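**Q** This is data.tsv (TSV, C-alpha atoms).
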```
chain	number	residue	atom	x	y	z
A	267	MET	CA	-86.96	74.34	258.79
A	268	ASN	CA	-86.36	73.78	262.48
A	269	LEU	CA	-83.69	71.10	262.50
A	270	SER	CA	-82.42	69.77	265.75
A	271	TYR	CA	-81.11	66.28	266.42
A	272	GLU	CA	-78.34	64.67	268.39
A	273	ASN	CA	-77.44	61.04	268.92
A	274	SER	CA	-74.51	58.66	269.44
A	275	PHE	CA	-74.04	55.22	267.93
A	276	GLU	CA	-71.67	52.57	269.23
A	277	ILE	CA	-69.75	50.46	266.74
A	278	GLN	CA	-67.91	47.21	267.40
A	279	GLY	CA	-64.60	46.74	265.60
A	280	GLY	CA	-64.36	43.74	263.28
A	281	ASN	CA	-68.11	43.26	262.96
A	282	PHE	CA	-68.42	43.36	259.18
A	283	LYS	CA	-71.86	41.78	259.32
A	284	LYS	CA	-73.21	45.05	260.68
A	285	ALA	CA	-71.12	47.30	258.45
A	286	GLY	CA	-73.24	50.08	257.07
A	287	ASP	CA	-76.19	49.55	259.42
A	288	ILE	CA	-75.51	52.68	261.47
A	289	SER	CA	-75.12	54.74	258.30
A	290	VAL	CA	-78.42	53.50	256.90
A	291	GLN	CA	-80.10	54.23	260.25
A	292	ILE	CA	-78.66	57.77	260.44
A	293	LYS	CA	-79.62	58.51	256.85
A	294	LYS	CA	-83.22	57.49	257.54
A	295	VAL	CA	-83.44	59.68	260.64
A	296	LEU	CA	-82.05	62.69	258.78
A	297	GLN	CA	-84.33	62.05	255.85
A	298	ASN	CA	-87.32	62.10	258.20
A	299	LEU	CA	-86.05	65.33	259.75
A	300	GLY	CA	-86.22	66.92	256.31
A	301	VAL	CA	-82.51	67.35	255.66
A	302	PRO	CA	-82.11	68.25	251.94
A	303	ARG	CA	-81.21	65.35	249.66
A	304	ALA	CA	-77.91	66.80	248.46
A	305	ILE	CA	-76.79	67.12	252.09
A	306	LEU	CA	-78.08	63.65	252.90
A	307	ARG	CA	-75.90	62.16	250.18
A	308	ARG	CA	-72.80	63.79	251.63
A	309	VAL	CA	-73.64	62.84	255.21
A	310	ALA	CA	-74.27	59.24	254.11
A	311	ILE	CA	-70.81	58.97	252.54
A	312	ALA	CA	-69.02	60.61	255.49
A	313	VAL	CA	-70.79	58.44	258.06
A	314	TYR	CA	-70.39	55.27	256.00
A	315	GLU	CA	-66.65	55.68	255.51
A	316	SER	CA	-66.21	56.51	259.21
A	317	GLU	CA	-68.19	53.44	260.19
A	318	ILE	CA	-66.20	51.18	257.85
A	319	ASN	CA	-62.92	52.57	259.18
A	320	ILE	CA	-63.90	51.80	262.78
A	321	ILE	CA	-65.03	48.28	261.85
A	322	SER	CA	-61.92	47.63	259.76
A	323	TYR	CA	-59.28	48.91	262.14
A	324	ALA	CA	-60.48	49.78	265.64
A	325	ASN	CA	-61.56	47.79	268.67
A	326	LYS	CA	-64.62	49.93	269.09
A	327	GLY	CA	-65.86	53.40	268.38
A	328	ILE	CA	-68.64	55.91	268.58
A	329	ILE	CA	-70.21	58.01	265.87
A	330	HIS	CA	-71.82	61.13	267.24
A	331	ILE	CA	-74.10	63.16	265.04
A	332	GLN	CA	-75.56	66.57	265.69
A	333	VAL	CA	-77.90	68.43	263.39
A	334	SER	CA	-78.69	72.12	263.77
A	335	PRO	CA	-80.42	74.48	261.33
A	336	GLU	CA	-76.96	75.49	260.05
A	337	THR	CA	-74.83	72.36	260.10
A	338	VAL	CA	-74.55	68.60	260.34
A	339	SER	CA	-71.60	67.71	262.60
A	340	ILE	CA	-70.25	64.19	262.71
A	341	GLU	CA	-67.64	62.94	265.16
A	342	ALA	CA	-66.12	59.49	264.78
A	343	GLU	CA	-63.98	58.52	267.72
A	344	ASP	CA	-62.39	55.12	268.16
A	345	GLU	CA	-60.21	53.11	270.47
A	346	GLY	CA	-57.70	51.30	268.35
A	347	PRO	CA	-54.25	51.23	266.80
A	348	GLY	CA	-54.37	54.85	265.67
A	349	ILE	CA	-52.72	56.12	262.51
A	350	GLU	CA	-48.94	56.35	262.35
A	351	ASN	CA	-48.74	58.68	259.39
A	352	ILE	CA	-51.86	60.81	258.94
A	353	GLU	CA	-50.53	62.48	255.81
A	354	LEU	CA	-50.24	59.08	254.11
A	355	ALA	CA	-53.65	57.95	255.37
A	356	MET	CA	-55.23	61.00	253.75
A	357	ARG	CA	-53.66	60.17	250.38
A	358	ALA	CA	-55.98	58.45	247.88
A	359	GLY	CA	-54.96	54.85	247.33
A	360	TYR	CA	-52.93	54.47	250.52
A	361	SER	CA	-54.22	51.74	252.83
A	362	THR	CA	-52.98	49.44	255.56
A	363	ALA	CA	-55.94	47.07	255.11
A	364	THR	CA	-55.48	43.31	255.42
A	365	ASP	CA	-56.20	40.95	252.51
A	366	LYS	CA	-59.43	39.90	254.22
A	367	ILE	CA	-60.68	43.50	254.29
A	368	ARG	CA	-59.60	44.07	250.68
A	369	GLU	CA	-61.32	40.95	249.39
A	370	MET	CA	-64.62	42.35	250.63
A	371	GLY	CA	-64.07	45.48	248.59
A	372	PHE	CA	-62.94	47.71	251.46
A	373	GLY	CA	-59.47	49.07	252.09
A	374	ALA	CA	-58.95	50.71	248.74
A	375	GLY	CA	-57.49	53.82	250.32
A	376	MET	CA	-60.51	55.89	249.37
A	377	GLY	CA	-62.24	56.26	252.73
A	378	ILE	CA	-60.62	59.39	254.10
A	379	PRO	CA	-60.42	61.08	250.65
A	380	ASN	CA	-64.16	60.41	250.25
A	381	ILE	CA	-64.84	61.93	253.68
A	382	ILE	CA	-62.76	65.02	252.87
A	383	ASN	CA	-64.59	65.41	249.60
A	384	CYS	CA	-67.97	65.37	251.33
A	385	SER	CA	-67.10	67.64	254.27
A	386	ASP	CA	-66.96	71.41	254.37
A	387	THR	CA	-64.69	71.16	257.40
A	388	PHE	CA	-62.60	68.10	258.21
A	389	ASN	CA	-60.24	67.42	261.07
A	390	ILE	CA	-58.33	64.31	262.07
A	391	THR	CA	-56.26	63.58	265.14
A	392	SER	CA	-54.76	60.25	266.03
A	393	GLU	CA	-52.55	58.72	268.63
A	394	VAL	CA	-50.77	55.41	267.97
A	395	ASN	CA	-52.11	52.59	270.18
A	396	LYS	CA	-54.91	54.81	271.48
A	397	GLY	CA	-57.25	55.78	268.69
A	398	THR	CA	-58.40	58.16	266.02
A	399	HIS	CA	-60.82	61.07	266.11
A	400	LEU	CA	-62.45	62.49	263.00
A	401	THR	CA	-64.54	65.64	262.93
A	402	MET	CA	-66.65	66.35	259.87
A	403	ILE	CA	-68.89	69.36	259.40
A	404	ILE	CA	-71.29	69.81	256.53
A	405	GLN	CA	-72.97	73.19	256.08
A	406	LEU	CA	-76.70	73.10	255.50
A	407	THR	CA	-76.75	76.49	253.88
A	408	ASN	CA	-75.29	76.92	250.33
A	409	ASN	CA	-72.58	74.65	248.91
A	410	GLN	CA	-74.93	71.71	248.74
A	411	GLU	CA	-73.20	69.48	246.22
A	412	GLU	CA	-70.12	67.32	246.63
A	413	LYS	CA	-67.01	69.29	246.01
A	414	ASN	CA	-65.63	67.16	243.16
B	250	MET	CA	-85.97	52.27	231.17
B	251	ASP	CA	-87.34	50.45	234.19
B	252	LEU	CA	-85.79	47.49	235.98
B	253	SER	CA	-88.30	44.92	234.78
B	254	SER	CA	-87.68	45.79	231.11
B	255	ILE	CA	-83.92	45.58	231.67
B	256	ALA	CA	-84.26	42.24	233.44
B	257	GLU	CA	-86.35	40.88	230.60
B	258	LYS	CA	-84.13	42.16	227.76
B	259	LEU	CA	-80.91	40.99	229.37
B	260	ASN	CA	-82.28	37.73	230.70
B	261	LEU	CA	-81.44	38.61	234.31
B	262	ARG	CA	-82.56	36.34	237.11
B	263	ILE	CA	-84.47	38.34	239.75
B	264	VAL	CA	-83.55	37.17	243.25
B	265	CYS	CA	-85.27	39.83	245.35
B	266	GLY	CA	-86.93	43.23	245.26
B	267	HIS	CA	-89.82	42.22	243.00
B	268	GLN	CA	-91.92	45.09	244.36
B	269	LYS	CA	-89.41	47.68	243.06
B	270	LEU	CA	-89.17	46.61	239.42
B	271	SER	CA	-90.93	49.67	238.08
B	272	VAL	CA	-88.05	51.89	239.25
B	273	GLN	CA	-86.44	53.81	236.40
B	274	VAL	CA	-82.73	53.27	235.79
B	275	THR	CA	-80.89	56.52	235.08
B	276	GLY	CA	-77.41	55.11	234.51
B	277	GLY	CA	-74.99	52.54	235.78
B	278	TYR	CA	-71.76	51.96	237.62
B	279	VAL	CA	-69.41	48.99	237.71
B	280	GLY	CA	-67.16	48.28	240.65
B	281	ASP	CA	-66.10	45.88	243.36
B	282	LEU	CA	-64.55	48.52	245.63
B	283	LEU	CA	-67.30	49.75	247.93
B	284	SER	CA	-65.76	53.18	248.55
B	285	ASP	CA	-65.45	53.69	244.82
B	286	VAL	CA	-69.13	52.92	244.37
B	287	MET	CA	-69.99	55.16	247.34
B	288	ALA	CA	-68.07	58.02	245.75
B	289	ASN	CA	-69.04	57.64	242.11
B	290	SER	CA	-72.46	56.05	241.77
B	291	ARG	CA	-75.56	58.20	241.62
B	292	GLU	CA	-79.17	57.82	242.66
B	293	GLY	CA	-81.09	55.63	240.21
B	294	TYR	CA	-78.01	53.87	238.83
B	295	ILE	CA	-77.82	50.14	238.42
B	296	TRP	CA	-74.69	48.68	240.02
B	297	ILE	CA	-72.78	45.81	238.44
B	298	THR	CA	-70.46	43.93	240.80
B	299	ARG	CA	-68.99	40.57	241.70
B	300	GLN	CA	-69.30	41.24	245.44
B	301	THR	CA	-72.05	39.04	246.88
B	302	HIS	CA	-71.70	39.74	250.62
B	303	GLN	CA	-74.24	41.69	252.62
B	304	ASN	CA	-72.34	44.99	252.70
B	305	ILE	CA	-73.46	45.70	249.14
B	306	VAL	CA	-76.98	46.27	250.45
B	307	ALA	CA	-76.00	49.21	252.66
B	308	VAL	CA	-74.15	50.84	249.75
B	309	ALA	CA	-77.16	50.47	247.44
B	310	SER	CA	-79.49	51.76	250.14
B	311	LEU	CA	-77.32	54.76	251.09
B	312	LYS	CA	-76.82	55.78	247.47
B	313	GLU	CA	-80.44	55.02	246.52
B	314	LEU	CA	-79.34	52.84	243.63
B	315	ALA	CA	-82.02	51.27	241.45
B	316	GLY	CA	-80.63	47.77	241.92
B	317	ILE	CA	-77.62	45.47	241.86
B	318	ILE	CA	-76.57	42.99	239.15
B	319	LEU	CA	-74.28	40.18	240.31
B	320	VAL	CA	-72.07	38.81	237.54
B	321	ASN	CA	-70.71	35.40	236.54
B	322	GLY	CA	-73.79	33.57	237.78
B	323	LYS	CA	-73.00	34.17	241.46
B	324	ASP	CA	-75.97	34.22	243.81
B	325	PRO	CA	-76.02	36.62	246.77
B	326	GLU	CA	-75.07	35.12	250.11
B	327	GLU	CA	-77.98	34.16	252.36
B	328	ASP	CA	-77.63	37.16	254.69
B	329	THR	CA	-77.29	39.48	251.68
B	330	LEU	CA	-80.62	38.20	250.43
B	331	GLU	CA	-82.27	38.70	253.83
B	332	LYS	CA	-80.97	42.25	254.16
B	333	ALA	CA	-81.85	43.21	250.58
B	334	THR	CA	-85.35	41.85	251.01
B	335	ALA	CA	-85.78	43.84	254.24
B	336	GLU	CA	-84.42	47.04	252.66
B	337	GLY	CA	-86.28	46.54	249.39
B	338	ILE	CA	-83.16	46.52	247.21
B	339	PRO	CA	-83.60	44.60	243.93
B	340	ILE	CA	-80.82	42.09	243.18
B	341	PHE	CA	-80.36	40.32	239.86
B	342	VAL	CA	-77.98	37.61	238.70
B	343	THR	CA	-76.50	37.34	235.22
B	344	GLU	CA	-74.50	34.43	233.86
B	345	LEU	CA	-72.42	36.94	231.88
B	346	SER	CA	-69.16	38.59	232.96
B	347	ALA	CA	-69.12	42.26	233.99
B	348	PHE	CA	-67.66	43.20	230.58
B	349	ASP	CA	-70.38	41.41	228.65
B	350	ILE	CA	-73.34	42.55	230.73
B	351	VAL	CA	-72.18	46.17	230.73
B	352	GLY	CA	-71.76	46.00	226.96
B	353	GLU	CA	-75.38	44.99	226.60
B	354	LEU	CA	-76.67	47.36	229.28
B	355	TYR	CA	-74.92	50.34	227.78
B	356	THR	CA	-76.80	50.08	224.52
B	357	ILE	CA	-80.19	50.10	226.24
B	358	VAL	CA	-79.70	52.43	229.23
B	359	SER	CA	-77.47	55.27	228.02
```
What's the structure tokens form of this structure?

**A**
Amino acid sequence: MNLSYENSFEIQGGNFKKAGDISVQIKKVLQNLGVPRAILRRVAIAVYESEINIISYANKGIIHIQVSPETVSIEAEDEGPGIENIELAMRAGYSTATDKIREMGFGAGMGIPNIINCSDTFNITSEVNKGTHLTMIIQLTNNQEEKN
Amino acid sequence: MDLSSIAEKLNLRIVCGHQKLSVQVTGGYVGDLLSDVMANSREGYIWITRQTHQNIVAVASLKELAGIILVNGKDPEEDTLEKATAEGIPIFVTELSAFDIVGELYTIVS
């Protein structure tokens, strides 16, 4: 398999109508590239949760995806309020979502835990009033199932 | 069991995805929290929810779910219908509550 792909997708904050569109698009591209299904499932979850986070909280953001024969790397970088307490944000069930976001079934405090669960390597940095940067790496070789 | 048999047995109203009714259902998941469904549903599952907005379509598409059943007689919103039709995601409506429809589904799918 000779996998090679790289692309960036812009996401507007607050645009729930489009929520999930980028993830569906990325999944289709990777599917066509021949990325194994077990990997696809993990990439789909990581990209989806990143996309929803940007739409829910940030002004705007970019999801950058790079596929090589060894790894799928996903970067989600946004301009927004940032995260005050990263440790709390990583805890399952913790959320700062508004009622509007919760009513739609988002903001359950599961986004970042889901991302961690689907990534072989995960990194998060954030600066209050500037933005948040997630890095997710999924290995294409061995370890193909979700970790849970 | 395939979607059309389930729809017939449980008296589900088919609102879109008629071309996908031969898809086999391998299990089910109930939930209104999208991240929960993203994390815990599996390919081929039928998803029972009260969420009717268009974001349910992306979840079903990403997880390759067999279809979505909306409970309590609620129709999908107009843009949900458009998106589901474009993506080929079957959506059904039941007059029953989530508890009652899952009770019936469980006996025929599991």

**Q** Check which residues of chain B sit at most 9 Å from chain A using only C-alpha atoms, and return one row each with the closest pair of atoms and their distance in Å to one decimal, ordered by chain and rising number, as CSV.

**A**
```
residue,atom,partner,partner_atom,distance
B:Gly280,CA,A:Gly371,CA,9.0
B:Asp281,CA,A:Gly371,CA,5.6
B:Leu282,CA,A:Gly371,CA,4.3
B:Leu283,CA,A:Gly371,CA,5.4
B:Ser284,CA,A:Met376,CA,6.0
B:Asp285,CA,A:Met376,CA,7.1
B:Met287,CA,A:Ile311,CA,6.5
B:Ala288,CA,A:Asn380,CA,6.4
B:Gln300,CA,A:Met370,CA,7.1
B:Thr301,CA,A:Met370,CA,9.0
B:His302,CA,A:Met370,CA,7.5
B:Gln303,CA,A:Lys283,CA,7.1
B:Asn304,CA,A:Ala285,CA,6.3
B:Val306,CA,A:Gly286,CA,8.5
B:Ala307,CA,A:Gly286,CA,5.3
B:Val308,CA,A:Gly286,CA,7.4
B:Ser310,CA,A:Val290,CA,7.1
B:Leu311,CA,A:Val290,CA,6.0
B:Lys312,CA,A:Arg307,CA,7.0
B:Asp328,CA,A:Lys283,CA,8.7
```

**Q** Contacts of segment 265-278 of chain B at 8 Å or less, counting all atoms listed in the file, minus same-chain residues fewer than 3 places along, as a list in words?

**A**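 Contacts, with the query itself left out: Met250, Asp251, Leu252, Ser253, Val286, Asn289, Ser290, Arg291, Glu292, Gly293, Tyr294, Ile295, Trp296, Ile297, Ala315, Leu330, Ala333, Thr334, Gly337, Ile338, Pro339, Ile340, Phe341, Val358 and Ser359 of chain B.
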
**Q** Please identify all polymer residues lying at most 6 Å from the point (-80.1, 37.1, 231.3) (file coordinates), using all atoms listed in the file, and present the result as a list of chain:residue names.

**A**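 Looking at atoms near the point gives B:Leu259, B:Asn260, B:Leu261, B:Thr343.
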
**Q** Dump C-alpha atoms for the selected residues as a CSV table (one decimal), keeping the file's coordinate frame?

**A**
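Resulting contents of again08.csv:
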```csv
chain,number,residue,atom,x,y,z
B,259,LEU,CA,-80.9,41.0,229.4
B,260,ASN,CA,-82.3,37.7,230.7
B,261,LEU,CA,-81.4,38.6,234.3
B,343,THR,CA,-76.5,37.3,235.2
```

**Q** Measuring between only C-alpha atoms, which one of A:Ile404, A:Ser270, A:Ala358, A:Gly280 shows the shortest distance to Gly327 of chain A?

**A** A:Gly280

**Q** Mind pulling up the distance from atom CA of Ala363 of chain A to atom CA of Asn321 of chain B?

**A** 26.4 Å

**Q** Mind pulling up the distance from atom CA of Asn389 of chain A to atom CA of Tyr271 of chain A?

**A**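 We find that atom CA of Tyr271 of chain A and atom CA of Asn389 of chain A lie 21.6 Å from each other.
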
**Q** Using all atoms listed in the file, which of B:Val320, B:Ala335, B:Ile263, B:Leu345 sits nearest Arg299 of chain B?

**A**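 With all atoms listed in the file as the atom set, the closest residue is B:Val320.
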
**Q** Which of these residues is nearest to Ile350 of chain B, using only C-alpha atoms: B:Val264, B:Ala309, B:Leu314, B:Leu319?

**A**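 Among the listed residues, the smallest separation from Ile350 of chain B belongs to B:Leu319.
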
**Q** In Å, with one decimal, what is the gap from atom CA of Ile390 of chain A to atom CA of Gly300 of chain A?

**A** 28.6 Å

**Q** Under the rule that only C-alpha atoms are counted, which of B:Lys323, B:Thr329, B:Thr298, B:Leu354 is the nearest residue to Val279 of chain B?

**A** B:Thr298

**Q** Determine the nearest neighbour of Lys326 of chain A from the options A:Asp386, A:Glu272, A:Asp365, A:Glu343, counting only C-alpha atoms.

**A**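 Among the listed residues, the smallest separation from Lys326 of chain A belongs to A:Glu343.
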